[in-house]
$ cat query-v8.pdb   # PDB, C-alpha atoms
ATOM      1  CA  MET A 275       0.000   0.000   0.000
ATOM      2  CA  THR A 276       1.344   3.407  -0.905
ATOM      3  CA  ASN A 277       1.976   6.138   1.642
ATOM      4  CA  LYS A 278      -0.843   8.284   0.205
ATOM      5  CA  LYS A 279      -3.370   5.466   0.570
ATOM      6  CA  ARG A 280      -2.207   4.800   4.146
ATOM      7  CA  LYS A 281      -2.660   8.474   5.093
ATOM      8  CA  ARG A 282      -6.103   8.549   3.480
ATOM      9  CA  ASN A 283      -7.195   5.446   5.405
ATOM     10  CA  ASN A 284      -5.813   6.836   8.658
ATOM     11  CA  ASN A 285      -7.696  10.092   8.131
ATOM     12  CA  ASN A 286     -10.920   8.186   7.464
ATOM     13  CA  ASN A 287     -10.451   6.137  10.625
ATOM     14  CA  ASN A 288      -9.821   9.271  12.673
ATOM     15  CA  ASN A 289     -12.933  10.909  11.260
ATOM     16  CA  ASN A 290     -15.015   7.846  12.090
ATOM     17  CA  ASN A 291     -13.612   7.762  15.623
ATOM     18  CA  ASN A 292     -14.391  11.456  16.092
ATOM     19  CA  LYS A 293     -17.948  10.906  14.867
ATOM     20  CA  ASN A 294     -18.386   8.002  17.270
ATOM     21  CA  ASP A 295     -17.071  10.114  20.150
ATOM     22  CA  VAL A 296     -19.441  12.955  19.289
ATOM     23  CA  SER A 297     -22.315  10.518  18.979
ATOM     24  CA  LYS A 298     -21.548   8.956  22.389
ATOM     25  CA  LYS A 299     -21.243  12.414  23.940
ATOM     26  CA  ASN A 300     -24.596  13.454  22.496
ATOM     27  CA  GLN A 301     -26.207  10.271  23.759
ATOM     28  CA  GLN A 302     -24.787  10.893  27.234
ATOM     29  CA  GLU A 303     -26.083  14.458  27.215
ATOM     30  CA  ILE A 304     -29.518  13.324  26.071
ATOM     31  CA  SER A 305     -29.567  10.570  28.676
ATOM     32  CA  SER A 306     -28.463  13.001  31.370
ATOM     33  CA  ALA A 307     -31.059  15.542  30.330
ATOM     34  CA  SER A 308     -33.824  12.964  30.340
ATOM     35  CA  SER A 309     -32.864  11.670  33.790
ATOM     36  CA  THR A 310     -32.926  15.176  35.339
ATOM     37  CA  PRO A 311     -36.526  16.368  35.755
ATOM     38  CA  LYS A 312     -37.185  19.854  34.523
ATOM     39  CA  ARG A 313     -38.569  22.264  37.106
ATOM     40  CA  THR A 314     -41.859  23.199  35.570
ATOM     41  CA  LYS A 315     -44.641  25.197  37.198
ATOM     42  CA  SER A 316     -46.612  22.010  37.714
ATOM     43  CA  ASN A 317     -44.007  20.184  39.807
ATOM     44  CA  GLN A 318     -42.255  23.050  41.542
ATOM     45  CA  PRO A 319     -42.695  22.775  45.341
ATOM     46  CA  SER A 320     -45.031  25.613  46.317
ATOM     47  CA  ASN A 321     -46.730  26.565  49.569
ATOM     48  CA  PHE A 322     -49.072  29.018  47.881
ATOM     49  CA  LEU A 323     -52.230  26.945  48.323
ATOM     50  CA  GLN A 324     -51.307  26.077  51.879
ATOM     51  CA  LYS A 325     -50.731  29.735  52.675
ATOM     52  CA  MET A 326     -54.047  30.681  51.090
ATOM     53  CA  ARG A 327     -55.877  28.007  53.085
ATOM     54  CA  ALA A 328     -54.188  29.212  56.281
ATOM     55  CA  ARG A 329     -55.215  32.809  55.552
ATOM     56  CA  LEU A 330     -58.804  31.799  54.865
ATOM     57  CA  SER A 331     -58.883  29.714  58.033
ATOM     58  CA  GLY A 332     -57.345  32.570  60.023
ATOM     59  CA  GLY A 333     -59.911  34.984  58.590
ATOM     60  CA  HIS A 334     -62.781  32.710  59.597
ATOM     61  CA  PHE A 335     -61.343  32.329  63.092
ATOM     62  CA  ARG A 336     -61.052  36.101  63.594
ATOM     63  CA  MET A 337     -64.626  36.608  62.384
ATOM     64  CA  ILE A 338     -66.067  33.918  64.677
ATOM     65  CA  ASN A 339     -63.890  35.020  67.601
ATOM     66  CA  GLU A 340     -65.112  38.602  67.316
ATOM     67  CA  LYS A 341     -68.708  37.367  67.131
ATOM     68  CA  LEU A 342     -68.341  35.347  70.347
ATOM     69  CA  TYR A 343     -66.870  38.280  72.264
ATOM     70  CA  THR A 344     -69.533  40.747  71.124
ATOM     71  CA  CYS A 345     -72.765  38.770  71.503
ATOM     72  CA  THR A 346     -74.641  37.068  74.329
ATOM     73  CA  GLY A 347     -74.233  33.396  75.141
ATOM     74  CA  LYS A 348     -77.698  32.622  73.820
ATOM     75  CA  GLU A 349     -76.922  34.348  70.524
ATOM     76  CA  ALA A 350     -73.664  32.384  70.263
ATOM     77  CA  LEU A 351     -75.544  29.131  70.882
ATOM     78  CA  ASN A 352     -78.007  29.909  68.076
ATOM     79  CA  TYR A 353     -75.132  30.990  65.825
ATOM     80  CA  PHE A 354     -73.475  27.584  66.088
ATOM     81  CA  ARG A 355     -76.769  25.714  65.874
ATOM     82  CA  GLU A 356     -77.307  27.253  62.458
ATOM     83  CA  ASP A 357     -73.930  25.962  61.266
ATOM     84  CA  SER A 358     -72.047  23.666  63.633
ATOM     85  CA  SER A 359     -69.050  23.520  61.240
ATOM     86  CA  LEU A 360     -68.195  27.060  62.371
ATOM     87  CA  PHE A 361     -67.417  25.632  65.805
ATOM     88  CA  ASN A 362     -64.756  23.360  64.287
ATOM     89  CA  LEU A 363     -63.301  26.295  62.323
ATOM     90  CA  TYR A 364     -63.131  28.352  65.490
ATOM     91  CA  HIS A 365     -61.353  25.687  67.509
ATOM     92  CA  ALA A 366     -58.861  24.983  64.713
ATOM     93  CA  GLY A 367     -57.914  28.678  64.755
ATOM     94  CA  TYR A 368     -57.917  28.710  68.548
ATOM     95  CA  LYS A 369     -55.413  25.841  68.660
ATOM     96  CA  THR A 370     -53.165  27.697  66.215
ATOM     97  CA  GLN A 371     -53.232  30.811  68.395
ATOM     98  CA  MET A 372     -52.605  28.863  71.600
ATOM     99  CA  SER A 373     -49.655  27.009  70.069
ATOM    100  CA  ASN A 374     -47.739  30.306  70.309
ATOM    101  CA  TRP A 375     -48.208  30.516  74.085
ATOM    102  CA  PRO A 376     -45.258  29.245  76.152
ATOM    103  CA  GLU A 377     -47.670  27.830  78.747
ATOM    104  CA  GLN A 378     -51.312  26.786  78.474
ATOM    105  CA  PRO A 379     -53.658  27.907  81.286
ATOM    106  CA  VAL A 380     -55.626  24.665  81.029
ATOM    107  CA  ASN A 381     -52.477  22.751  82.001
ATOM    108  CA  VAL A 382     -52.061  24.918  85.100
ATOM    109  CA  ILE A 383     -55.648  24.146  86.082
ATOM    110  CA  ILE A 384     -55.180  20.422  85.411
ATOM    111  CA  LYS A 385     -52.073  20.440  87.604
ATOM    112  CA  TRP A 386     -54.035  22.147  90.391
ATOM    113  CA  LEU A 387     -56.913  19.651  90.104
ATOM    114  CA  LYS A 388     -54.559  16.689  90.375
ATOM    115  CA  LYS A 389     -53.546  17.975  93.805
ATOM    116  CA  GLN A 390     -57.159  18.117  94.993
ATOM    117  CA  ASN A 391     -59.485  15.374  96.186
ATOM    118  CA  PRO A 392     -60.193  13.016  93.237
ATOM    119  CA  SER A 393     -63.810  12.780  94.427
ATOM    120  CA  PHE A 394     -64.370  16.445  93.555
ATOM    121  CA  VAL A 395     -66.988  16.957  90.843
ATOM    122  CA  VAL A 396     -65.868  19.494  88.245
ATOM    123  CA  ALA A 397     -67.997  21.683  85.969
ATOM    124  CA  ASP A 398     -65.904  22.833  83.000
ATOM    125  CA  PHE A 399     -67.658  25.843  81.453
ATOM    126  CA  GLY A 400     -66.594  26.305  77.817
ATOM    127  CA  CYS A 401     -64.566  23.107  77.768
ATOM    128  CA  GLY A 402     -63.475  23.152  74.098
ATOM    129  CA  GLU A 403     -61.831  19.782  73.475
ATOM    130  CA  ALA A 404     -62.569  18.671  77.046
ATOM    131  CA  LEU A 405     -58.889  18.379  77.990
ATOM    132  CA  ILE A 406     -59.657  18.590  81.699
ATOM    133  CA  SER A 407     -62.010  15.613  81.515
ATOM    134  CA  LYS A 408     -59.390  13.629  79.612
ATOM    135  CA  SER A 409     -56.596  14.488  82.050
ATOM    136  CA  VAL A 410     -57.975  13.955  85.568
ATOM    137  CA  LYS A 411     -59.645  11.139  87.496
ATOM    138  CA  ASN A 412     -62.440  13.394  88.737
ATOM    139  CA  THR A 413     -65.985  13.325  87.446
ATOM    140  CA  VAL A 414     -66.086  16.250  84.987
ATOM    141  CA  PHE A 415     -69.148  17.790  83.394
ATOM    142  CA  SER A 416     -67.780  19.268  80.161
ATOM    143  CA  LEU A 417     -69.985  22.101  78.894
ATOM    144  CA  ASP A 418     -69.808  23.992  75.623
ATOM    145  CA  LEU A 419     -71.964  25.540  72.908
ATOM    146  CA  VAL A 420     -71.531  22.605  70.521
ATOM    147  CA  SER A 421     -70.868  18.942  71.209
ATOM    148  CA  ASN A 422     -68.885  16.766  68.817
ATOM    149  CA  ASP A 423     -68.118  14.447  71.718
ATOM    150  CA  PRO A 424     -70.692  12.311  73.563
ATOM    151  CA  ASP A 425     -69.085  13.389  76.840
ATOM    152  CA  VAL A 426     -69.624  17.105  76.144
ATOM    153  CA  ILE A 427     -72.942  18.742  77.034
ATOM    154  CA  ALA A 428     -74.078  21.364  74.497
ATOM    155  CA  CYS A 429     -75.801  24.271  76.243
ATOM    156  CA  ASP A 430     -75.837  27.972  77.026
ATOM    157  CA  MET A 431     -73.279  28.602  79.786
ATOM    158  CA  ALA A 432     -75.893  30.704  81.592
ATOM    159  CA  ASN A 433     -78.411  27.864  81.614
ATOM    160  CA  THR A 434     -76.804  24.458  82.115
ATOM    161  CA  PRO A 435     -78.662  21.222  82.931
ATOM    162  CA  LEU A 436     -76.569  20.673  86.092
ATOM    163  CA  ASP A 437     -78.319  20.408  89.451
ATOM    164  CA  SER A 438     -77.910  23.119  92.055
ATOM    165  CA  SER A 439     -75.082  22.539  94.554
ATOM    166  CA  SER A 440     -73.816  19.556  92.546
ATOM    167  CA  ALA A 441     -70.202  20.583  91.773
ATOM    168  CA  ASP A 442     -67.106  21.071  93.913
ATOM    169  CA  VAL A 443     -65.158  23.022  91.266
ATOM    170  CA  ALA A 444     -66.290  25.331  88.458
ATOM    171  CA  VAL A 445     -63.754  26.222  85.763
ATOM    172  CA  PHE A 446     -63.743  29.018  83.196
ATOM    173  CA  CYS A 447     -60.597  28.657  81.109
ATOM    174  CA  LEU A 448     -60.534  31.518  78.569
ATOM    175  CA  SER A 449     -64.294  31.147  78.254
ATOM    176  CA  LEU A 450     -65.819  34.353  79.691
ATOM    177  CA  MET A 451     -66.519  35.522  76.161
ATOM    178  CA  GLY A 452     -70.117  36.748  75.992
ATOM    179  CA  THR A 453     -71.316  40.266  76.718
ATOM    180  CA  ASN A 454     -73.435  38.715  79.489
ATOM    181  CA  TYR A 455     -70.492  36.887  81.104
ATOM    182  CA  GLN A 456     -71.814  37.689  84.573
ATOM    183  CA  THR A 457     -74.742  35.314  83.990
ATOM    184  CA  TYR A 458     -72.227  32.475  83.462
ATOM    185  CA  LEU A 459     -70.724  33.243  86.867
ATOM    186  CA  GLU A 460     -74.191  33.362  88.423
ATOM    187  CA  GLU A 461     -74.799  29.893  86.950
ATOM    188  CA  ALA A 462     -71.495  28.690  88.407
ATOM    189  CA  TYR A 463     -72.606  30.020  91.808
ATOM    190  CA  ARG A 464     -75.846  28.042  91.496
ATOM    191  CA  VAL A 465     -74.228  24.693  90.630
ATOM    192  CA  LEU A 466     -71.392  24.956  93.194
ATOM    193  CA  LYS A 467     -71.615  23.464  96.658
ATOM    194  CA  LEU A 468     -70.915  25.665  99.673
ATOM    195  CA  GLY A 469     -67.145  26.038  99.910
ATOM    196  CA  GLY A 470     -66.764  24.975  96.262
ATOM    197  CA  TRP A 471     -63.975  26.371  94.098
ATOM    198  CA  LEU A 472     -64.318  28.829  91.212
ATOM    199  CA  LEU A 473     -61.255  29.006  88.924
ATOM    200  CA  ILE A 474     -61.033  31.637  86.184
ATOM    201  CA  ALA A 475     -58.207  31.900  83.649
ATOM    202  CA  GLU A 476     -58.330  34.841  81.256
ATOM    203  CA  VAL A 477     -56.176  36.656  78.729
ATOM    204  CA  LYS A 478     -54.087  39.213  80.597
ATOM    205  CA  SER A 479     -54.820  42.086  78.204
ATOM    206  CA  ARG A 480     -58.506  41.918  79.157
ATOM    207  CA  PHE A 481     -57.514  43.080  82.648
ATOM    208  CA  ASP A 482     -55.216  45.954  81.761
ATOM    209  CA  PRO A 483     -57.017  49.190  82.757
ATOM    210  CA  ASN A 484     -54.355  51.258  80.996
ATOM    211  CA  ASN A 485     -55.359  49.774  77.635
ATOM    212  CA  GLY A 486     -59.129  49.570  77.912
ATOM    213  CA  GLY A 487     -59.203  46.417  80.024
ATOM    214  CA  ALA A 488     -61.107  45.794  83.231
ATOM    215  CA  ASP A 489     -59.701  46.588  86.653
ATOM    216  CA  PRO A 490     -58.878  43.242  88.330
ATOM    217  CA  GLU A 491     -59.884  44.721  91.697
ATOM    218  CA  LYS A 492     -63.366  45.645  90.456
ATOM    219  CA  PHE A 493     -63.728  42.236  88.824
ATOM    220  CA  SER A 494     -62.821  40.439  92.067
ATOM    221  CA  LYS A 495     -65.125  42.728  94.060
ATOM    222  CA  ALA A 496     -68.082  41.934  91.803
ATOM    223  CA  ILE A 497     -67.509  38.192  92.178
ATOM    224  CA  SER A 498     -67.177  38.600  95.947
ATOM    225  CA  GLU A 499     -70.515  40.419  96.026
ATOM    226  CA  LEU A 500     -72.023  37.522  94.088
ATOM    227  CA  GLY A 501     -71.091  35.259  97.013
ATOM    228  CA  PHE A 502     -67.438  34.226  96.763
ATOM    229  CA  ASN A 503     -64.258  34.667  98.775
ATOM    230  CA  SER A 504     -61.158  35.688  96.843
ATOM    231  CA  VAL A 505     -58.463  33.158  97.762
ATOM    232  CA  LYS A 506     -55.649  33.773  95.311
ATOM    233  CA  ARG A 507     -54.700  35.707  92.181
ATOM    234  CA  ASP A 508     -51.824  34.644  89.971
ATOM    235  CA  PHE A 509     -50.546  37.342  87.600
ATOM    236  CA  SER A 510     -47.124  35.764  87.087
ATOM    237  CA  ASN A 511     -47.725  34.565  83.523
ATOM    238  CA  LYS A 512     -47.240  37.134  80.750
ATOM    239  CA  MET A 513     -50.123  35.751  78.643
ATOM    240  CA  PHE A 514     -52.884  35.004  81.132
ATOM    241  CA  LEU A 515     -53.936  35.485  84.744
ATOM    242  CA  LEU A 516     -55.705  33.182  87.179
ATOM    243  CA  PHE A 517     -58.326  33.910  89.827
ATOM    244  CA  TYR A 518     -59.170  31.440  92.604
ATOM    245  CA  PHE A 519     -62.406  31.864  94.594
ATOM    246  CA  THR A 520     -64.477  29.749  96.982
ATOM    247  CA  LYS A 521     -68.228  29.908  97.473
ATOM    248  CA  LYS A 522     -69.059  31.514 100.804
ATOM    249  CA  GLU A 523     -70.631  29.351 103.486
ATOM    250  CA  LYS A 524     -72.875  32.198 104.622
ATOM    251  CA  HIS A 525     -73.619  35.084 102.386
ATOM    252  CA  ASP A 526     -75.979  38.038 102.332
ATOM    253  CA  SER A 527     -75.611  38.612  98.620
ATOM    254  CA  LYS A 528     -76.600  41.773  96.868
ATOM    255  CA  ARG A 529     -79.336  41.579  94.326
ATOM    256  CA  LYS A 530     -77.874  40.571  91.006
ATOM    257  CA  LYS A 531     -78.885  43.858  89.416
ATOM    258  CA  GLU A 532     -77.034  45.844  92.079
ATOM    259  CA  ILE A 533     -73.621  44.281  91.373
ATOM    260  CA  GLU A 534     -71.436  46.509  89.205
ATOM    261  CA  TRP A 535     -69.810  44.163  86.735
ATOM    262  CA  PRO A 536     -66.870  45.665  84.826
ATOM    263  CA  SER A 537     -66.934  45.369  81.071
ATOM    264  CA  LEU A 538     -64.345  42.842  79.868
ATOM    265  CA  LYS A 539     -62.335  43.921  76.851
ATOM    266  CA  PRO A 540     -62.856  41.615  73.828
ATOM    267  CA  CYS A 541     -59.771  39.644  72.887
ATOM    268  CA  LEU A 542     -59.555  40.381  69.166
ATOM    269  CA  TYR A 543     -56.723  39.213  66.926
ATOM    270  CA  LYS A 544     -55.102  41.423  64.291
ATOM    271  CA  ARG A 545     -54.679  40.401  60.676
ATOM    272  CA  ARG A 546     -51.199  39.228  59.760
TER     273      ARG A 546
END
$ encode --input "query-v8.pdb" --output "structure tokens"
Amino acid sequence: MTNKKRKRNNNNNNNNNNKNDVSKKNQQEISSASSTPKRTKSNQPSNFLQKMRARLSGGHFRMINEKLYTCTGKEALNYFREDSSLFNLYHAGYKTQMSNWPEQPVNVIIKWLKKQNPSFVVADFGCGEALISKSVKNTVFSLDLVSNDPDVIACDMANTPLDSSSADVAVFCLSLMGTNYQTYLEEAYRVLKLGGWLLIAEVKSRFDPNNGGADPEKFSKAISELGFNSVKRDFSNKMFLLFYFTKKEKHDSKRKKEIEWPSLKPCLYKRR
């Protein structure tokens, strides 16, 4: 074979090898491209819908919360009877709000109850998810406006089905919400035995006179005039305060209409 022919053959072989290399490279690129999913709008991770749902849920909670603070207990009962799903919406938003609190007042009350006589009968006014009933050995009458639980009694907090002088402890844990809250306390007085305990936990801002809240002294005085002894007040928590009362053994109570009940500031949440 001549030198020219050898060179020509070598060049042809080199060209073929180059083409094969290019072809393999292209195949690798195609394979690589096909194995890497493209980030399209349809499969991009997005929290948009979740955020929108959270906003809608938060908006519903604020609306229902404001309603409960600015109407009577009877009106609130009728409100939820018309659409009981609103009760679930409210409590979902309530749980979200409470998750931001470093300490839950209901847990403080549960801790206190566990130190008391297990034979004590408890009336839990505005029980929500009935955590007290689920956490203590005591007999607990769980009361709220709507019942999704067979152990919860649906009723107006001012007119419960409990017998007079049937409870040793009455609890209001963030549940003095109606404009007629004093009638709830009058009902608690009715169902409590002589010497029975009244425990009230409320949002601290509702008792800040400098910002439109009630004076704690006037609030305690009104309850004392209803027929209770003030035993203890705990203002140590930055989010809520606790009042402890006992029903007086002997009491010359004022007429209900004569008691000056302070107006409790509604606990309204701002939009975020």
$ atom_distance --input "query-v8.pdb" --atom1 "CA of Ile406 in chain A" --atom2 "CA of Gly487 in chain A"
27.9 Å
$ closest_residue --input "query-v8.pdb" --among "A:Arg355, A:Lys467, A:Lys408, A:Lys495" --to "Glu523 in chain A" --atoms "all atoms listed in the file"
A:Lys467
$ closest_residue --input "query-v8.pdb" --among "A:Leu472, A:Met431, A:Leu436, A:Ala441" --to "Asn412 in chain A" --atoms "all atoms listed in the file"
A:Ala441
$ atom_distance --input "query-v8.pdb" --atom1 "CA of Pro490 in chain A" --atom2 "CA of Ser407 in chain A"
28.6 Å
$ resolve_selection --input "query-v8.pdb" --expression "the PyMOL selection byres ((chain A and resi 539) around 9)" --output "mmCIF file with C-alpha atoms, in the frame of the given file"
data_model
loop_
_atom_site.group_PDB
_atom_site.id
_atom_site.type_symbol
_atom_site.label_atom_id
_atom_site.label_comp_id
_atom_site.auth_asym_id
_atom_site.auth_seq_id
_atom_site.Cartn_x
_atom_site.Cartn_y
_atom_site.Cartn_z
ATOM 1 C CA TYR A 343 -66.870 38.280 72.264
ATOM 2 C CA SER A 479 -54.820 42.086 78.204
ATOM 3 C CA ARG A 480 -58.506 41.918 79.157
ATOM 4 C CA PHE A 481 -57.514 43.080 82.648
ATOM 5 C CA ASP A 482 -55.216 45.954 81.761
ATOM 6 C CA GLY A 486 -59.129 49.570 77.912
ATOM 7 C CA GLY A 487 -59.203 46.417 80.024
ATOM 8 C CA ALA A 488 -61.107 45.794 83.231
ATOM 9 C CA SER A 537 -66.934 45.369 81.071
ATOM 10 C CA LEU A 538 -64.345 42.842 79.868
ATOM 11 C CA PRO A 540 -62.856 41.615 73.828
ATOM 12 C CA CYS A 541 -59.771 39.644 72.887
ATOM 13 C CA LEU A 542 -59.555 40.381 69.166
#
$ residues_around --input "query-v8.pdb" --residues "Asn339 in chain A" --least-positions-apart "6" --cutoff "10 Å" --atoms "all atoms listed in the file" --output "ChimeraX atom specification"
/A:333,364-365,367-368,451,540-543
$ write_last_selection --input "query-v8.pdb" --atoms "C-alpha atoms" --output "short mmCIF file (atom, residue, chain, number, x, y, z; two decimals), keeping the file's coordinate frame"
data_model
loop_
_atom_site.label_atom_id
_atom_site.label_comp_id
_atom_site.auth_asym_id
_atom_site.auth_seq_id
_atom_site.Cartn_x
_atom_site.Cartn_y
_atom_site.Cartn_z
CA GLY A 333 -59.91 34.98 58.59
CA TYR A 364 -63.13 28.35 65.49
CA HIS A 365 -61.35 25.69 67.51
CA GLY A 367 -57.91 28.68 64.76
CA TYR A 368 -57.92 28.71 68.55
CA MET A 451 -66.52 35.52 76.16
CA PRO A 540 -62.86 41.62 73.83
CA CYS A 541 -59.77 39.64 72.89
CA LEU A 542 -59.56 40.38 69.17
CA TYR A 543 -56.72 39.21 66.93
#
$ atom_distance --input "query-v8.pdb" --atom1 "CA of Ser440 in chain A" --atom2 "CA of Leu515 in chain A"
26.6 Å
$ resolve_selection --input "query-v8.pdb" --expression "the PyMOL selection byres ((chain A and resi 418) around 6)" --output "number ranges by chain"
A: 400-401, 417, 419-420, 428
$ resolve_selection --input "query-v8.pdb" --expression "the PyMOL selection byres ((chain A and resi 459) around 10)" --output "JSON, numbers by chain"
{"A": [399, 431, 432, 444, 445, 446, 450, 454, 455, 456, 457, 458, 460, 461, 462, 463, 464, 465, 472, 474, 497, 500]}
$ axis_aligned_box --input "query-v8.pdb" --around "range 433-452 of chain A" --padding-each-side "6 Å" --output "AutoDock Vina command-line options"
--center_x -69.6 --center_y 28.2 --center_z 85.3 --size_x 30.1 --size_y 29.2 --size_z 30.6
$ closest_residue --input "query-v8.pdb" --among "A:Glu476, A:Val443, A:Gly402, A:Ala366" --to "Met513 in chain A" --atoms "only C-alpha atoms"
A:Glu476
$ residues_around --input "query-v8.pdb" --residues "Trp375 in chain A" --least-positions-apart "5" --cutoff "10 Å" --atoms "all atoms listed in the file" --output "ChimeraX atom specification"
/A:370,512-514
$ closest_residue --input "query-v8.pdb" --among "A:Gly452, A:Lys506, A:Leu466, A:Ala496" --to "Thr344 in chain A" --atoms "all atoms listed in the file"
A:Gly452
$ closest_residue --input "query-v8.pdb" --among "A:Ala397, A:Leu473, A:Leu468, A:Leu448" --to "Met372 in chain A" --atoms "only C-alpha atoms"
A:Leu448
$ closest_residue --input "query-v8.pdb" --among "A:Phe335, A:Lys348, A:Val410, A:Ser494" --to "Leu363 in chain A" --atoms "only C-alpha atoms"
A:Phe335
$ decode --input "query-v8.pdb" --residues "range 342-363 of chain A" --atoms "N, CA and C atoms" --output "mmCIF file, in the first residue's frame"
data_model
loop_
_atom_site.group_PDB
_atom_site.id
_atom_site.type_symbol
_atom_site.label_atom_id
_atom_site.label_comp_id
_atom_site.auth_asym_id
_atom_site.auth_seq_id
_atom_site.Cartn_x
_atom_site.Cartn_y
_atom_site.Cartn_z
ATOM 1 N N LEU A 342 -68.144 35.930 69.024
ATOM 2 C CA LEU A 342 -68.341 35.347 70.347
ATOM 3 C C LEU A 342 -68.094 36.349 71.471
ATOM 4 N N TYR A 343 -67.184 37.278 71.242
ATOM 5 C CA TYR A 343 -66.870 38.280 72.264
ATOM 6 C C TYR A 343 -67.881 39.425 72.295
ATOM 7 N N THR A 344 -68.654 39.577 71.233
ATOM 8 C CA THR A 344 -69.533 40.747 71.124
ATOM 9 C C THR A 344 -71.012 40.389 71.064
ATOM 10 N N CYS A 345 -71.358 39.160 71.458
ATOM 11 C CA CYS A 345 -72.765 38.770 71.503
ATOM 12 C C CYS A 345 -73.034 38.057 72.822
ATOM 13 N N THR A 346 -74.295 37.787 73.111
ATOM 14 C CA THR A 346 -74.641 37.068 74.329
ATOM 15 C C THR A 346 -74.411 35.570 74.125
ATOM 16 N N GLY A 347 -74.417 34.835 75.226
ATOM 17 C CA GLY A 347 -74.233 33.396 75.141
ATOM 18 C C GLY A 347 -75.353 32.719 74.359
ATOM 19 N N LYS A 348 -76.561 33.204 74.538
ATOM 20 C CA LYS A 348 -77.698 32.622 73.820
ATOM 21 C C LYS A 348 -77.579 32.846 72.322
ATOM 22 N N GLU A 349 -77.132 34.047 71.949
ATOM 23 C CA GLU A 349 -76.922 34.348 70.524
ATOM 24 C C GLU A 349 -75.824 33.467 69.936
ATOM 25 N N ALA A 350 -74.767 33.242 70.714
ATOM 26 C CA ALA A 350 -73.664 32.384 70.263
ATOM 27 C C ALA A 350 -74.144 30.949 70.075
ATOM 28 N N LEU A 351 -75.002 30.484 70.986
ATOM 29 C CA LEU A 351 -75.544 29.131 70.882
ATOM 30 C C LEU A 351 -76.352 28.976 69.602
ATOM 31 N N ASN A 352 -77.205 29.954 69.306
ATOM 32 C CA ASN A 352 -78.007 29.909 68.076
ATOM 33 C C ASN A 352 -77.133 30.015 66.832
ATOM 34 N N TYR A 353 -76.079 30.798 66.930
ATOM 35 C CA TYR A 353 -75.132 30.990 65.825
ATOM 36 C C TYR A 353 -74.521 29.656 65.404
ATOM 37 N N PHE A 354 -74.092 28.872 66.390
ATOM 38 C CA PHE A 354 -73.475 27.584 66.088
ATOM 39 C C PHE A 354 -74.509 26.521 65.737
ATOM 40 N N ARG A 355 -75.715 26.669 66.239
ATOM 41 C CA ARG A 355 -76.769 25.714 65.874
ATOM 42 C C ARG A 355 -77.122 25.829 64.397
ATOM 43 N N GLU A 356 -77.024 27.041 63.876
ATOM 44 C CA GLU A 356 -77.307 27.253 62.458
ATOM 45 C C GLU A 356 -76.264 26.595 61.571
ATOM 46 N N ASP A 357 -75.015 26.592 62.031
ATOM 47 C CA ASP A 357 -73.930 25.962 61.266
ATOM 48 C C ASP A 357 -72.862 25.472 62.240
ATOM 49 N N SER A 358 -72.966 24.211 62.630
ATOM 50 C CA SER A 358 -72.047 23.666 63.633
ATOM 51 C C SER A 358 -70.610 23.560 63.127
ATOM 52 N N SER A 359 -70.416 23.597 61.783
ATOM 53 C CA SER A 359 -69.050 23.520 61.240
ATOM 54 C C SER A 359 -68.226 24.742 61.644
ATOM 55 N N LEU A 360 -68.901 25.852 61.945
ATOM 56 C CA LEU A 360 -68.195 27.060 62.371
ATOM 57 C C LEU A 360 -67.470 26.829 63.694
ATOM 58 N N PHE A 361 -68.038 25.956 64.519
ATOM 59 C CA PHE A 361 -67.417 25.632 65.805
ATOM 60 C C PHE A 361 -66.065 24.959 65.587
ATOM 61 N N ASN A 362 -66.018 24.038 64.605
ATOM 62 C CA ASN A 362 -64.756 23.360 64.287
ATOM 63 C C ASN A 362 -63.736 24.342 63.722
ATOM 64 N N LEU A 363 -64.199 25.271 62.877
ATOM 65 C CA LEU A 363 -63.301 26.295 62.323
ATOM 66 C C LEU A 363 -62.725 27.155 63.438
#
